[in-house]
Amino acid sequence: MKRKEHSSIAGMVVTHRRAWVWVSLLGFARGMVVVSLMSVAMVMLKRVGLSNSWAACGTALLAIPFVCRQLLRPFVLALTRQAWWMVVMEVLFSLSMMAVAWFVEPKGGGTAVWYCLAFSALVGAFHDVMAGDFCNALWGSRKQGRTSLAVALPILATVLGTGVTFVIAGDMEVLTRNIVESWALAFKVLAAMVFAVAVAMALSLPKHMECGRKKVFTAAWKEQMMEMKEWWEYPKQWLFVLFIILFSLHECLVIKGVLLFLVDPGSIGGLSMGPQEVAFAQSTVAGMLMLAGCVMGFELMKKKGLRKWVWPMVLAITVPDVLFLYLAYAMPSELSYVTLCLSVESFGCGFGMAGFVRYLRYYGRGRTLPAYGDSCLAIVAFSVLLAGVATGFIQDYFGHRRFFFLVVCMAVVAIASIWLLRHKRPQ
């Protein structure tokens, strides 16, 4: 009989088949949190009447708890290490999404909505730290599968989260002619989706499974500060940090700017697409091709390694940005043309993102995983924050064409950032 592979968590042995279920649910939940805060919330704020600057900047500020994830870890270590706490965070996130729907419906926005979103971001950041620890513990040494799944599941969450909510909101806008009520319903559906994931987690996770033991807060804080100090003291670490910022900032500008470009009216240079069209072109077709590009990238690297494919991947994630510059000037009305351009860019993004994630994993070999992972994710979240603040302002005051010209310039900078690491090898 074939022996089952297993992992050990706090003295408990679990089969990898069950670990796949738990890691999949955790990864999907993490993706739903991000897409709810960074994409769905931004489009909702735009549709209810806010400008690009306010919609993009307001949602960008929601990345602050993720930037500060290294400061949240001591609280997580001191609070609890039991699996049920992640279910509590998912339920709280679901309730906060319901609160957003509740406050959006009567007035179409306001400070109460932003406070609910800010609370959602804080809960989501705590959940992300906890889920990351449990995923690492569940996978054990199966790093290849973990890396692939960690990229694929957020993409699936994006496809489902934005696809379902945008279609519901768009259909309700047509039926009721009330944009505010339509997006309130969309957020209620989004809350129900997150709550369904929480229920699945509660039913599948063992009641008393733990990831390590609780620590005293002062001890956890000192340990975290020491790990952060050690990480920043690596030789020429600023080159590595600059590379992550430049490379991810370019893609964050694309993600933020394209959504606003698609829904903006033609009078200010947008494509005037409805939420259903955005769901089809950007979320469904382009999202699935992004997933295909991601899978293809990991499979090719399995055979010939990252060094063989590094430049094709870098070019795949940057060169297709010229298609957005074409769309900004041509302003096509045919959905097929827009979908084709979005699909090409998304496939290249997925293909190149596989290499980016693999390099980060390769660079972190032999280092303290929590401190290294938190640092990398915090830097990427900082890029999201910068991109969100810049995107709306540039599009409002300089137009979409100049914005996408800047994106192309940032693509060149992203390519040039690779040269920063040409002599920097993992320690």
# chains A, B, ... in the order shown; residues from 1 in each chain; ligands from 1

$ residues_around --residues "Leu342 of chain A" --least-positions-apart "4" --cutoff "9 Å" --atoms "only C-alpha atoms" --output "ChimeraX atom specification"
/A:281-282,285-286,323-324,337-338,346-347

$ write_last_selection --atoms "all heavy atoms" --output "tab-separated table (two decimals), in the first residue's frame"
chain	number	residue	atom	x	y	z
A	281	ALA	N	-14.58	41.21	-19.84
A	281	ALA	CA	-13.29	41.45	-20.47
A	281	ALA	C	-12.13	41.38	-19.49
A	281	ALA	O	-11.12	40.70	-19.75
A	281	ALA	CB	-13.30	42.82	-21.16
A	282	GLN	N	-12.24	42.06	-18.35
A	282	GLN	CA	-11.13	42.17	-17.42
A	282	GLN	C	-11.09	41.03	-16.41
A	282	GLN	O	-10.02	40.49	-16.12
A	282	GLN	CB	-11.22	43.51	-16.67
A	282	GLN	CG	-10.19	43.72	-15.58
A	282	GLN	CD	-8.80	44.00	-16.12
A	282	GLN	OE1	-8.61	44.01	-17.33
A	282	GLN	NE2	-7.85	44.24	-15.24
A	285	VAL	N	-12.35	36.68	-18.89
A	285	VAL	CA	-11.46	36.24	-19.96
A	285	VAL	C	-10.00	36.55	-19.62
A	285	VAL	O	-9.14	35.67	-19.63
A	285	VAL	CB	-11.85	36.92	-21.30
A	285	VAL	CG1	-10.88	36.51	-22.40
A	285	VAL	CG2	-13.28	36.54	-21.67
A	286	ALA	N	-9.72	37.82	-19.31
A	286	ALA	CA	-8.33	38.20	-19.00
A	286	ALA	C	-7.84	37.52	-17.73
A	286	ALA	O	-6.68	37.12	-17.63
A	286	ALA	CB	-8.23	39.72	-18.87
A	323	LEU	N	-0.23	48.33	-25.33
A	323	LEU	CA	-1.60	48.11	-25.79
A	323	LEU	C	-2.57	49.07	-25.10
A	323	LEU	O	-3.55	49.51	-25.71
A	323	LEU	CB	-2.02	46.66	-25.53
A	323	LEU	CG	-1.26	45.59	-26.32
A	323	LEU	CD1	-1.69	44.20	-25.86
A	323	LEU	CD2	-1.50	45.76	-27.82
A	324	PHE	N	-2.31	49.41	-23.85
A	324	PHE	CA	-3.17	50.36	-23.16
A	324	PHE	C	-3.00	51.76	-23.72
A	324	PHE	O	-3.95	52.54	-23.78
A	324	PHE	CB	-2.87	50.35	-21.66
A	324	PHE	CG	-3.18	49.04	-21.00
A	324	PHE	CD1	-2.24	48.40	-20.21
A	324	PHE	CD2	-4.41	48.44	-21.16
A	324	PHE	CE1	-2.52	47.20	-19.59
A	324	PHE	CE2	-4.71	47.24	-20.56
A	324	PHE	CZ	-3.76	46.61	-19.77
A	337	TYR	N	-12.12	44.08	-29.29
A	337	TYR	CA	-10.79	44.67	-29.35
A	337	TYR	C	-10.25	44.92	-27.95
A	337	TYR	O	-9.08	44.64	-27.66
A	337	TYR	CB	-10.83	45.99	-30.13
A	337	TYR	CG	-11.05	45.84	-31.61
A	337	TYR	CD1	-11.39	46.94	-32.40
A	337	TYR	CD2	-10.91	44.61	-32.24
A	337	TYR	CE1	-11.60	46.81	-33.77
A	337	TYR	CE2	-11.11	44.47	-33.59
A	337	TYR	CZ	-11.46	45.56	-34.35
A	337	TYR	OH	-11.66	45.42	-35.70
A	338	VAL	N	-11.09	45.46	-27.10
A	338	VAL	CA	-10.66	45.73	-25.72
A	338	VAL	C	-10.32	44.43	-25.00
A	338	VAL	O	-9.30	44.33	-24.31
A	338	VAL	CB	-11.76	46.49	-24.97
A	338	VAL	CG1	-11.33	46.76	-23.53
A	338	VAL	CG2	-12.09	47.81	-25.67
A	346	SER	N	-2.82	40.44	-19.74
A	346	SER	CA	-3.02	39.60	-18.56
A	346	SER	C	-2.23	38.30	-18.66
A	346	SER	O	-1.67	37.83	-17.67
A	346	SER	CB	-4.51	39.30	-18.37
A	346	SER	OG	-5.22	40.48	-18.09
A	347	PHE	N	-2.20	37.70	-19.84
A	347	PHE	CA	-1.41	36.48	-20.02
A	347	PHE	C	0.06	36.76	-19.76
A	347	PHE	O	0.74	36.00	-19.05
A	347	PHE	CB	-1.60	35.92	-21.42
A	347	PHE	CG	-0.84	34.65	-21.66
A	347	PHE	CD1	-1.36	33.42	-21.26
A	347	PHE	CD2	0.40	34.67	-22.27
A	347	PHE	CE1	-0.66	32.24	-21.47
A	347	PHE	CE2	1.11	33.50	-22.50
A	347	PHE	CZ	0.58	32.27	-22.09

$ closest_residue --among "A:Trp114, A:Phe126, A:Gln70, A:Ala191" --to "Ser36 of chain A" --atoms "only C-alpha atoms"
A:Ala191

$ atom_distance --atom1 "atom CA of Val189 of chain A" --atom2 "atom CA of Val167 of chain A"
11.2 Å

$ closest_residue --among "A:Ser343, A:Ile245, A:Leu71, A:Met273" --to "Ala292 of chain A" --atoms "only C-alpha atoms"
A:Ser343

$ closest_atom_pairs --of "segment 312-341 of chain A" --to "segment 246-264 of chain A" --cutoff "9 Å" --atoms "only C-alpha atoms" --output "JSON lines"
{"residue": "A:Ile317", "atom": "CA", "partner": "A:Glu251", "partner_atom": "CA", "distance": 8.1}
{"residue": "A:Thr318", "atom": "CA", "partner": "A:Glu251", "partner_atom": "CA", "distance": 8.3}
{"residue": "A:Asp321", "atom": "CA", "partner": "A:Val254", "partner_atom": "CA", "distance": 8.0}
{"residue": "A:Phe324", "atom": "CA", "partner": "A:Val258", "partner_atom": "CA", "distance": 8.0}
{"residue": "A:Ala328", "atom": "CA", "partner": "A:Phe261", "partner_atom": "CA", "distance": 8.3}

$ write_last_selection --atoms "C-alpha atoms" --output "short mmCIF file (atom, residue, chain, number, x, y, z; two decimals), in the first residue's frame"
data_model
loop_
_atom_site.label_atom_id
_atom_site.label_comp_id
_atom_site.auth_asym_id
_atom_site.auth_seq_id
_atom_site.Cartn_x
_atom_site.Cartn_y
_atom_site.Cartn_z
CA ILE A 317 5.02 41.57 -18.06
CA THR A 318 6.15 44.95 -19.44
CA ASP A 321 1.61 47.86 -21.67
CA PHE A 324 -3.17 50.36 -23.16
CA ALA A 328 -6.26 55.36 -24.86
#

$ select_by_dssp --residues "segment 115-338 of chain A" --states "alpha helix (DSSP H)" --output "ChimeraX atom specification"
/A:115-139,143-176,179-204,217-232,237-263,275-278,286-318,322-330,335-338

$ residues_around --residues "Thr162 of chain A" --least-positions-apart "2" --cutoff "7 Å" --atoms "only C-alpha atoms" --output "count of residues only"
9

$ decode --residues "segment 262-274 of chain A" --atoms "all heavy atoms" --output "PDB file, in the first residue's frame"
ATOM      1  N   LEU A 262     -11.445  51.849 -17.828  1.00  0.00           N
ATOM      2  CA  LEU A 262     -12.547  51.119 -18.447  1.00  0.00           C
ATOM      3  C   LEU A 262     -13.910  51.709 -18.085  1.00  0.00           C
ATOM      4  O   LEU A 262     -14.815  51.751 -18.917  1.00  0.00           O
ATOM      5  CB  LEU A 262     -12.494  49.642 -18.037  1.00  0.00           C
ATOM      6  CG  LEU A 262     -11.285  48.833 -18.511  1.00  0.00           C
ATOM      7  CD1 LEU A 262     -11.348  47.412 -17.978  1.00  0.00           C
ATOM      8  CD2 LEU A 262     -11.193  48.827 -20.040  1.00  0.00           C
ATOM      9  N   VAL A 263     -14.077  52.151 -16.837  1.00  0.00           N
ATOM     10  CA  VAL A 263     -15.402  52.613 -16.394  1.00  0.00           C
ATOM     11  C   VAL A 263     -15.596  54.109 -16.584  1.00  0.00           C
ATOM     12  O   VAL A 263     -16.737  54.587 -16.507  1.00  0.00           O
ATOM     13  CB  VAL A 263     -15.642  52.235 -14.914  1.00  0.00           C
ATOM     14  CG1 VAL A 263     -15.554  50.736 -14.725  1.00  0.00           C
ATOM     15  CG2 VAL A 263     -14.659  52.945 -13.988  1.00  0.00           C
ATOM     16  N   ASP A 264     -14.530  54.880 -16.824  1.00  0.00           N
ATOM     17  CA  ASP A 264     -14.680  56.319 -17.024  1.00  0.00           C
ATOM     18  C   ASP A 264     -15.471  56.613 -18.296  1.00  0.00           C
ATOM     19  O   ASP A 264     -15.334  55.904 -19.300  1.00  0.00           O
ATOM     20  CB  ASP A 264     -13.308  56.993 -17.117  1.00  0.00           C
ATOM     21  CG  ASP A 264     -12.839  57.531 -15.781  1.00  0.00           C
ATOM     22  OD1 ASP A 264     -13.666  57.650 -14.865  1.00  0.00           O
ATOM     23  OD2 ASP A 264     -11.630  57.832 -15.648  1.00  0.00           O
ATOM     24  N   PRO A 265     -16.288  57.662 -18.289  1.00  0.00           N
ATOM     25  CA  PRO A 265     -17.029  58.022 -19.510  1.00  0.00           C
ATOM     26  C   PRO A 265     -16.100  58.519 -20.608  1.00  0.00           C
ATOM     27  O   PRO A 265     -14.994  58.987 -20.354  1.00  0.00           O
ATOM     28  CB  PRO A 265     -17.975  59.132 -19.029  1.00  0.00           C
ATOM     29  CG  PRO A 265     -17.332  59.690 -17.807  1.00  0.00           C
ATOM     30  CD  PRO A 265     -16.611  58.548 -17.156  1.00  0.00           C
ATOM     31  N   GLY A 266     -16.586  58.434 -21.838  1.00  0.00           N
ATOM     32  CA  GLY A 266     -15.772  58.850 -22.976  1.00  0.00           C
ATOM     33  C   GLY A 266     -15.457  60.329 -22.980  1.00  0.00           C
ATOM     34  O   GLY A 266     -14.460  60.758 -23.583  1.00  0.00           O
ATOM     35  N   SER A 267     -16.268  61.126 -22.311  1.00  0.00           N
ATOM     36  CA  SER A 267     -16.043  62.574 -22.283  1.00  0.00           C
ATOM     37  C   SER A 267     -14.745  62.956 -21.589  1.00  0.00           C
ATOM     38  O   SER A 267     -14.208  64.044 -21.828  1.00  0.00           O
ATOM     39  CB  SER A 267     -17.218  63.275 -21.593  1.00  0.00           C
ATOM     40  OG  SER A 267     -17.383  62.786 -20.272  1.00  0.00           O
ATOM     41  N   ILE A 268     -14.239  62.082 -20.708  1.00  0.00           N
ATOM     42  CA  ILE A 268     -12.964  62.364 -20.028  1.00  0.00           C
ATOM     43  C   ILE A 268     -11.890  61.352 -20.425  1.00  0.00           C
ATOM     44  O   ILE A 268     -10.896  61.184 -19.725  1.00  0.00           O
ATOM     45  CB  ILE A 268     -13.144  62.384 -18.499  1.00  0.00           C
ATOM     46  CG1 ILE A 268     -13.693  61.053 -17.980  1.00  0.00           C
ATOM     47  CG2 ILE A 268     -14.048  63.512 -18.083  1.00  0.00           C
ATOM     48  CD1 ILE A 268     -13.737  60.976 -16.465  1.00  0.00           C
ATOM     49  N   GLY A 269     -12.111  60.668 -21.558  1.00  0.00           N
ATOM     50  CA  GLY A 269     -11.078  59.795 -22.096  1.00  0.00           C
ATOM     51  C   GLY A 269     -11.192  58.336 -21.734  1.00  0.00           C
ATOM     52  O   GLY A 269     -10.302  57.553 -22.081  1.00  0.00           O
ATOM     53  N   GLY A 270     -12.266  57.927 -21.054  1.00  0.00           N
ATOM     54  CA  GLY A 270     -12.447  56.517 -20.711  1.00  0.00           C
ATOM     55  C   GLY A 270     -13.188  55.760 -21.792  1.00  0.00           C
ATOM     56  O   GLY A 270     -13.585  56.325 -22.819  1.00  0.00           O
ATOM     57  N   LEU A 271     -13.379  54.468 -21.581  1.00  0.00           N
ATOM     58  CA  LEU A 271     -14.040  53.625 -22.564  1.00  0.00           C
ATOM     59  C   LEU A 271     -15.526  53.436 -22.296  1.00  0.00           C
ATOM     60  O   LEU A 271     -16.199  52.734 -23.056  1.00  0.00           O
ATOM     61  CB  LEU A 271     -13.351  52.250 -22.620  1.00  0.00           C
ATOM     62  CG  LEU A 271     -11.904  52.246 -23.119  1.00  0.00           C
ATOM     63  CD1 LEU A 271     -11.367  50.812 -23.203  1.00  0.00           C
ATOM     64  CD2 LEU A 271     -11.793  52.928 -24.485  1.00  0.00           C
ATOM     65  N   SER A 272     -16.040  53.997 -21.214  1.00  0.00           N
ATOM     66  CA  SER A 272     -17.476  53.967 -20.901  1.00  0.00           C
ATOM     67  C   SER A 272     -18.034  52.542 -20.848  1.00  0.00           C
ATOM     68  O   SER A 272     -19.153  52.291 -21.286  1.00  0.00           O
ATOM     69  CB  SER A 272     -18.265  54.786 -21.939  1.00  0.00           C
ATOM     70  OG  SER A 272     -17.827  56.118 -21.976  1.00  0.00           O
ATOM     71  N   MET A 273     -17.292  51.626 -20.325  1.00  0.00           N
ATOM     72  CA  MET A 273     -17.765  50.249 -20.222  1.00  0.00           C
ATOM     73  C   MET A 273     -18.595  50.070 -18.954  1.00  0.00           C
ATOM     74  O   MET A 273     -18.281  50.626 -17.903  1.00  0.00           O
ATOM     75  CB  MET A 273     -16.577  49.285 -20.215  1.00  0.00           C
ATOM     76  CG  MET A 273     -15.812  49.227 -21.525  1.00  0.00           C
ATOM     77  SD  MET A 273     -14.326  48.184 -21.451  1.00  0.00           S
ATOM     78  CE  MET A 273     -15.060  46.580 -21.109  1.00  0.00           C
ATOM     79  N   GLY A 274     -19.664  49.279 -19.052  1.00  0.00           N
ATOM     80  CA  GLY A 274     -20.469  48.967 -17.899  1.00  0.00           C
ATOM     81  C   GLY A 274     -19.817  47.883 -17.050  1.00  0.00           C
ATOM     82  O   GLY A 274     -18.883  47.203 -17.490  1.00  0.00           O
TER      83      GLY A 274
END
